[in-house]
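A.B. asks: Before I ask anything, let me first share the structure, which is written out below as structure tokens.
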Amino acid sequence: MRRFLLIALTAGVALPLFACGSKKETSANVEPVVVETLISATESWNGDSYDYPKGKAQMTLQRITAQPGFKTPLHSHSQPGIAYVVKGNLSCGTLNGKTLKVGPGESFATPQDSIHYCESIGDAAALVFVSSAGVKGQKITIPYKK
């Protein structure tokens with residue numbers, strides 16, 4: 001999966017370079033590139049409908065490594081986002097009791113505006129890539145204030 005992620009992230013640069021090469025070698029039974037949609041969502045795993053915030057758009061991709069037992073404080077996000085678990089396991093939950101457990105190779109749409117937490121469970125650190133579509137100057141993570 002790590003190889004796929006690297007291919008997907010660099011395809012925009014690599015494909016034109018490969019296309020310009022004078023010698024093309026591909027096996028008859030191997031596709032030169034495979035594009036696989038890991039997630040496409042109009043709402044988060046807990047049912048939040050997505051709305052884009054107003055303002056100058058800013059895309060963000062974060063690489064998060066969480067040691068076993070780490071639990072985020074309660075927080076929310078004001079923008080849509082998606083996450084991909086490379087390794088480790090996560091358990092997430094909302095204040096109203098909805099829960100999600102994900103492991104390596106799984107993706108999920110992150111909550112927007114719902115108070116939630118995520119925790120790295122198991123014996124190994126969790127490695128997660130999180131992408132969000134937000135607004136320049138706006139915080140990605142908003143701490144929950146009781």
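FYI, nothing fancy with the structure tokens labels: chains A, B, ... in order, residues from 1 per chain, ligands from 1 as they appear.
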Going by DSSP on the backbone, which residues of stretch 27-143 of chain A come out as strand (DSSP E)? List them as number ranges by chain.
C.D. replies: A: 57-66, 75-76, 81-87, 89-94, 99-102, 107-110, 116-121, 126-135, 142-143
A.B. asks: Can you write out the residues you just picked, keeping N, CA and C atoms, as a compact mmCIF listing (two decimals), in the first residue's frame?
C.D. replies:
# COMPACT_ATOMS: atom_id res chain seq x y z
N ALA A 57 -9.19 28.67 -0.73
CA ALA A 57 -9.03 27.23 -0.53
C ALA A 57 -7.59 26.86 -0.21
N GLN A 58 -7.43 25.89 0.68
CA GLN A 58 -6.10 25.37 1.02
C GLN A 58 -6.21 23.87 1.27
N MET A 59 -5.52 23.10 0.45
CA MET A 59 -5.46 21.66 0.62
C MET A 59 -4.28 21.33 1.52
N THR A 60 -4.47 20.36 2.43
CA THR A 60 -3.41 19.96 3.35
C THR A 60 -3.34 18.45 3.40
N LEU A 61 -2.10 17.93 3.39
CA LEU A 61 -1.86 16.50 3.58
C LEU A 61 -0.92 16.37 4.76
N GLN A 62 -1.36 15.64 5.78
CA GLN A 62 -0.56 15.44 6.99
C GLN A 62 -0.17 13.98 7.13
N ARG A 63 1.05 13.75 7.58
CA ARG A 63 1.51 12.42 7.94
C ARG A 63 1.55 12.39 9.46
N ILE A 64 0.76 11.51 10.06
CA ILE A 64 0.63 11.47 11.51
C ILE A 64 1.12 10.11 12.01
N THR A 65 2.05 10.15 12.96
CA THR A 65 2.52 8.94 13.62
C THR A 65 2.09 9.04 15.07
N ALA A 66 1.27 8.08 15.52
CA ALA A 66 0.76 8.08 16.89
C ALA A 66 1.22 6.80 17.58
N HIS A 75 -11.92 17.08 19.86
CA HIS A 75 -11.72 18.17 18.91
C HIS A 75 -12.72 18.04 17.76
N SER A 76 -12.69 19.02 16.86
CA SER A 76 -13.52 18.98 15.65
C SER A 76 -12.71 19.55 14.50
N GLY A 81 -12.43 16.08 5.22
CA GLY A 81 -11.14 15.42 5.17
C GLY A 81 -11.27 13.92 4.98
N ILE A 82 -10.17 13.30 4.56
CA ILE A 82 -10.11 11.86 4.44
C ILE A 82 -8.81 11.37 5.06
N ALA A 83 -8.82 10.13 5.54
CA ALA A 83 -7.64 9.56 6.18
C ALA A 83 -7.36 8.18 5.61
N TYR A 84 -6.08 7.81 5.56
CA TYR A 84 -5.64 6.50 5.10
C TYR A 84 -4.67 5.94 6.13
N VAL A 85 -4.98 4.77 6.67
CA VAL A 85 -4.14 4.13 7.68
C VAL A 85 -3.11 3.25 6.98
N VAL A 86 -1.83 3.60 7.12
CA VAL A 86 -0.76 2.82 6.51
C VAL A 86 -0.40 1.64 7.40
N LYS A 87 -0.25 1.90 8.69
CA LYS A 87 0.03 0.82 9.64
C LYS A 87 -0.54 1.17 11.00
N ASN A 89 -3.42 0.60 14.21
CA ASN A 89 -4.88 0.56 14.31
C ASN A 89 -5.38 1.78 15.07
N LEU A 90 -6.53 2.29 14.64
CA LEU A 90 -7.16 3.43 15.30
C LEU A 90 -8.55 3.07 15.78
N SER A 91 -8.92 3.68 16.88
CA SER A 91 -10.30 3.63 17.36
C SER A 91 -10.73 5.07 17.54
N CYS A 92 -11.83 5.45 16.90
CA CYS A 92 -12.32 6.83 16.98
C CYS A 92 -13.74 6.81 17.53
N GLY A 93 -14.14 7.91 18.17
CA GLY A 93 -15.48 7.99 18.72
C GLY A 93 -15.96 9.42 18.82
N THR A 94 -17.28 9.57 18.87
CA THR A 94 -17.91 10.89 18.99
C THR A 94 -18.60 11.01 20.35
N THR A 99 -18.82 5.03 16.95
CA THR A 99 -17.42 4.61 16.98
C THR A 99 -16.98 4.06 15.63
N LEU A 100 -15.68 4.05 15.44
CA LEU A 100 -15.06 3.54 14.22
C LEU A 100 -13.74 2.89 14.60
N LYS A 101 -13.47 1.71 14.06
CA LYS A 101 -12.17 1.07 14.22
C LYS A 101 -11.63 0.78 12.83
N VAL A 102 -10.38 1.19 12.58
CA VAL A 102 -9.76 1.00 11.28
C VAL A 102 -8.34 0.51 11.46
N SER A 107 -9.36 3.29 4.67
CA SER A 107 -9.56 4.74 4.57
C SER A 107 -10.87 5.10 5.24
N PHE A 108 -10.98 6.37 5.66
CA PHE A 108 -12.25 6.84 6.19
C PHE A 108 -12.37 8.35 5.99
N ALA A 109 -13.62 8.80 5.89
CA ALA A 109 -13.92 10.23 5.76
C ALA A 109 -14.03 10.80 7.17
N THR A 110 -13.25 11.84 7.45
CA THR A 110 -13.19 12.40 8.81
C THR A 110 -14.43 13.23 9.12
N HIS A 116 -15.02 14.79 18.39
CA HIS A 116 -14.58 13.40 18.37
C HIS A 116 -13.13 13.27 18.87
N TYR A 117 -12.68 12.04 18.96
CA TYR A 117 -11.29 11.72 19.32
C TYR A 117 -10.87 10.53 18.48
N CYS A 118 -9.58 10.27 18.40
CA CYS A 118 -9.04 9.05 17.83
C CYS A 118 -7.90 8.59 18.72
N GLU A 119 -7.75 7.27 18.80
CA GLU A 119 -6.74 6.68 19.67
C GLU A 119 -5.99 5.59 18.91
N SER A 120 -4.67 5.55 19.11
CA SER A 120 -3.84 4.50 18.54
C SER A 120 -3.93 3.28 19.46
N ILE A 121 -4.51 2.21 18.92
CA ILE A 121 -4.70 1.01 19.74
C ILE A 121 -3.81 -0.12 19.22
N ALA A 126 0.66 3.88 15.03
CA ALA A 126 -0.20 4.08 13.86
C ALA A 126 0.43 5.13 12.96
N LEU A 127 0.46 4.84 11.67
CA LEU A 127 0.91 5.80 10.66
C LEU A 127 -0.29 6.10 9.77
N VAL A 128 -0.72 7.36 9.78
CA VAL A 128 -1.94 7.77 9.09
C VAL A 128 -1.67 9.00 8.25
N PHE A 129 -2.14 8.99 7.01
CA PHE A 129 -2.11 10.19 6.16
C PHE A 129 -3.52 10.78 6.17
N VAL A 130 -3.60 12.09 6.47
CA VAL A 130 -4.88 12.77 6.53
C VAL A 130 -4.83 13.96 5.57
N SER A 131 -5.81 14.04 4.69
CA SER A 131 -5.91 15.14 3.74
C SER A 131 -7.17 15.93 4.04
N SER A 132 -7.08 17.26 3.99
CA SER A 132 -8.25 18.08 4.25
C SER A 132 -8.35 19.22 3.24
N ALA A 133 -9.58 19.63 2.98
CA ALA A 133 -9.88 20.72 2.07
C ALA A 133 -10.41 21.88 2.91
N GLY A 134 -9.51 22.77 3.30
CA GLY A 134 -9.90 23.84 4.20
C GLY A 134 -9.72 25.22 3.61
N VAL A 135 -9.51 26.19 4.49
CA VAL A 135 -9.37 27.59 4.12
C VAL A 135 -8.05 28.11 4.68
N ILE A 142 -9.72 21.93 15.75
CA ILE A 142 -10.23 22.90 16.71
C ILE A 142 -10.48 22.17 18.03
N PRO A 143 -9.73 22.53 19.09
CA PRO A 143 -9.93 21.88 20.38
C PRO A 143 -11.35 22.11 20.91
A.B. asks: Which residue gives the smallest distance to A:Ser114 among A:Lys71, A:Lys56, A:Lys136, A:Lys98, with only C-alpha atoms counted?
C.D. replies: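 Smallest separation from A:Ser114 among the options: A:Lys98.
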A.B. asks: Output as a CSV table (one decimal) with N, CA and C atoms, in the first residue's frame all residues of stretch 12-125 of chain A that backbone DSSP marks as alpha helix (DSSP H).
C.D. replies:
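Below is the file that was written, out04.csv:
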chain,number,residue,atom,x,y,z
A,12,GLY,N,1.5,12.6,-11.2
A,12,GLY,CA,1.5,13.8,-12.0
A,12,GLY,C,2.8,14.2,-12.5
A,13,VAL,N,3.9,13.8,-11.8
A,13,VAL,CA,5.3,14.2,-12.3
A,13,VAL,C,5.9,13.0,-13.1
A,14,ALA,N,5.7,11.8,-12.6
A,14,ALA,CA,6.3,10.6,-13.1
A,14,ALA,C,5.8,10.2,-14.5
A,15,LEU,N,4.4,10.3,-14.7
A,15,LEU,CA,3.9,9.9,-15.9
A,15,LEU,C,4.4,10.6,-17.1
A,16,PRO,N,4.5,12.0,-17.1
A,16,PRO,CA,5.0,12.7,-18.2
A,16,PRO,C,6.5,12.3,-18.5
A,17,LEU,N,7.3,12.0,-17.5
A,17,LEU,CA,8.6,11.6,-17.7
A,17,LEU,C,8.7,10.3,-18.4
A,18,PHE,N,7.9,9.3,-17.9
A,18,PHE,CA,7.9,8.0,-18.5
A,18,PHE,C,7.4,8.1,-20.0
A,19,ALA,N,6.5,8.9,-20.2
A,19,ALA,CA,5.9,9.0,-21.6
A,19,ALA,C,6.9,9.6,-22.6
A.B. asks: What's the separation between atom CA of A:Ala124 and atom CA of A:Ile140, in Å to one decimal place?
C.D. replies: 25.8 Å
A.B. asks: So which one's closest to A:Ser40, A:Pro80, A:Asn96, A:Pro68, A:Lys54? Using only C-alpha atoms, please.
C.D. replies: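 Closest residue, counting only C-alpha atoms: A:Pro80.
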A.B. asks: Would you pick out the contacts of A:Gln112 at 6 Å or less, using only C-alpha atoms, so that residues sharing its chain but fewer than 6 positions from it are not included, and give the list as an mmCIF file with N, CA and C atoms, in the first residue's frame?
C.D. replies:
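Output file out_14.cif follows:
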data_model
loop_
_atom_site.group_PDB
_atom_site.id
_atom_site.type_symbol
_atom_site.label_atom_id
_atom_site.label_comp_id
_atom_site.auth_asym_id
_atom_site.auth_seq_id
_atom_site.Cartn_x
_atom_site.Cartn_y
_atom_site.Cartn_z
ATOM 1 N N ASP A 48 -21.722 13.098 9.250
ATOM 2 C CA ASP A 48 -21.662 14.546 8.987
ATOM 3 C C ASP A 48 -21.665 14.792 7.479
ATOM 4 N N HIS A 77 -13.282 19.444 13.303
ATOM 5 C CA HIS A 77 -12.680 20.001 12.087
ATOM 6 C C HIS A 77 -13.773 20.791 11.361
ATOM 7 N N SER A 78 -13.422 21.960 10.838
ATOM 8 C CA SER A 78 -14.414 22.768 10.129
ATOM 9 C C SER A 78 -14.388 22.521 8.626
ATOM 10 N N GLN A 79 -13.588 21.555 8.180
ATOM 11 C CA GLN A 79 -13.457 21.259 6.758
ATOM 12 C C GLN A 79 -13.566 19.753 6.515
ATOM 13 N N PRO A 80 -13.906 19.364 5.285
ATOM 14 C CA PRO A 80 -13.943 17.944 4.942
ATOM 15 C C PRO A 80 -12.532 17.365 4.931
#
A.B. asks: Pick the closest to A:Thr42 from A:Gln138, A:Lys145, A:Pro111, A:Asp123: which is it, counting only C-alpha atoms?
C.D. replies: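 Using only C-alpha atoms, A:Thr42 sits closest to A:Pro111.
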A.B. asks: Grab the atom CA of A:Asp113 to atom CA of A:Ala125 distance for me, in Å with one decimal place.
C.D. replies: 26.8 Å
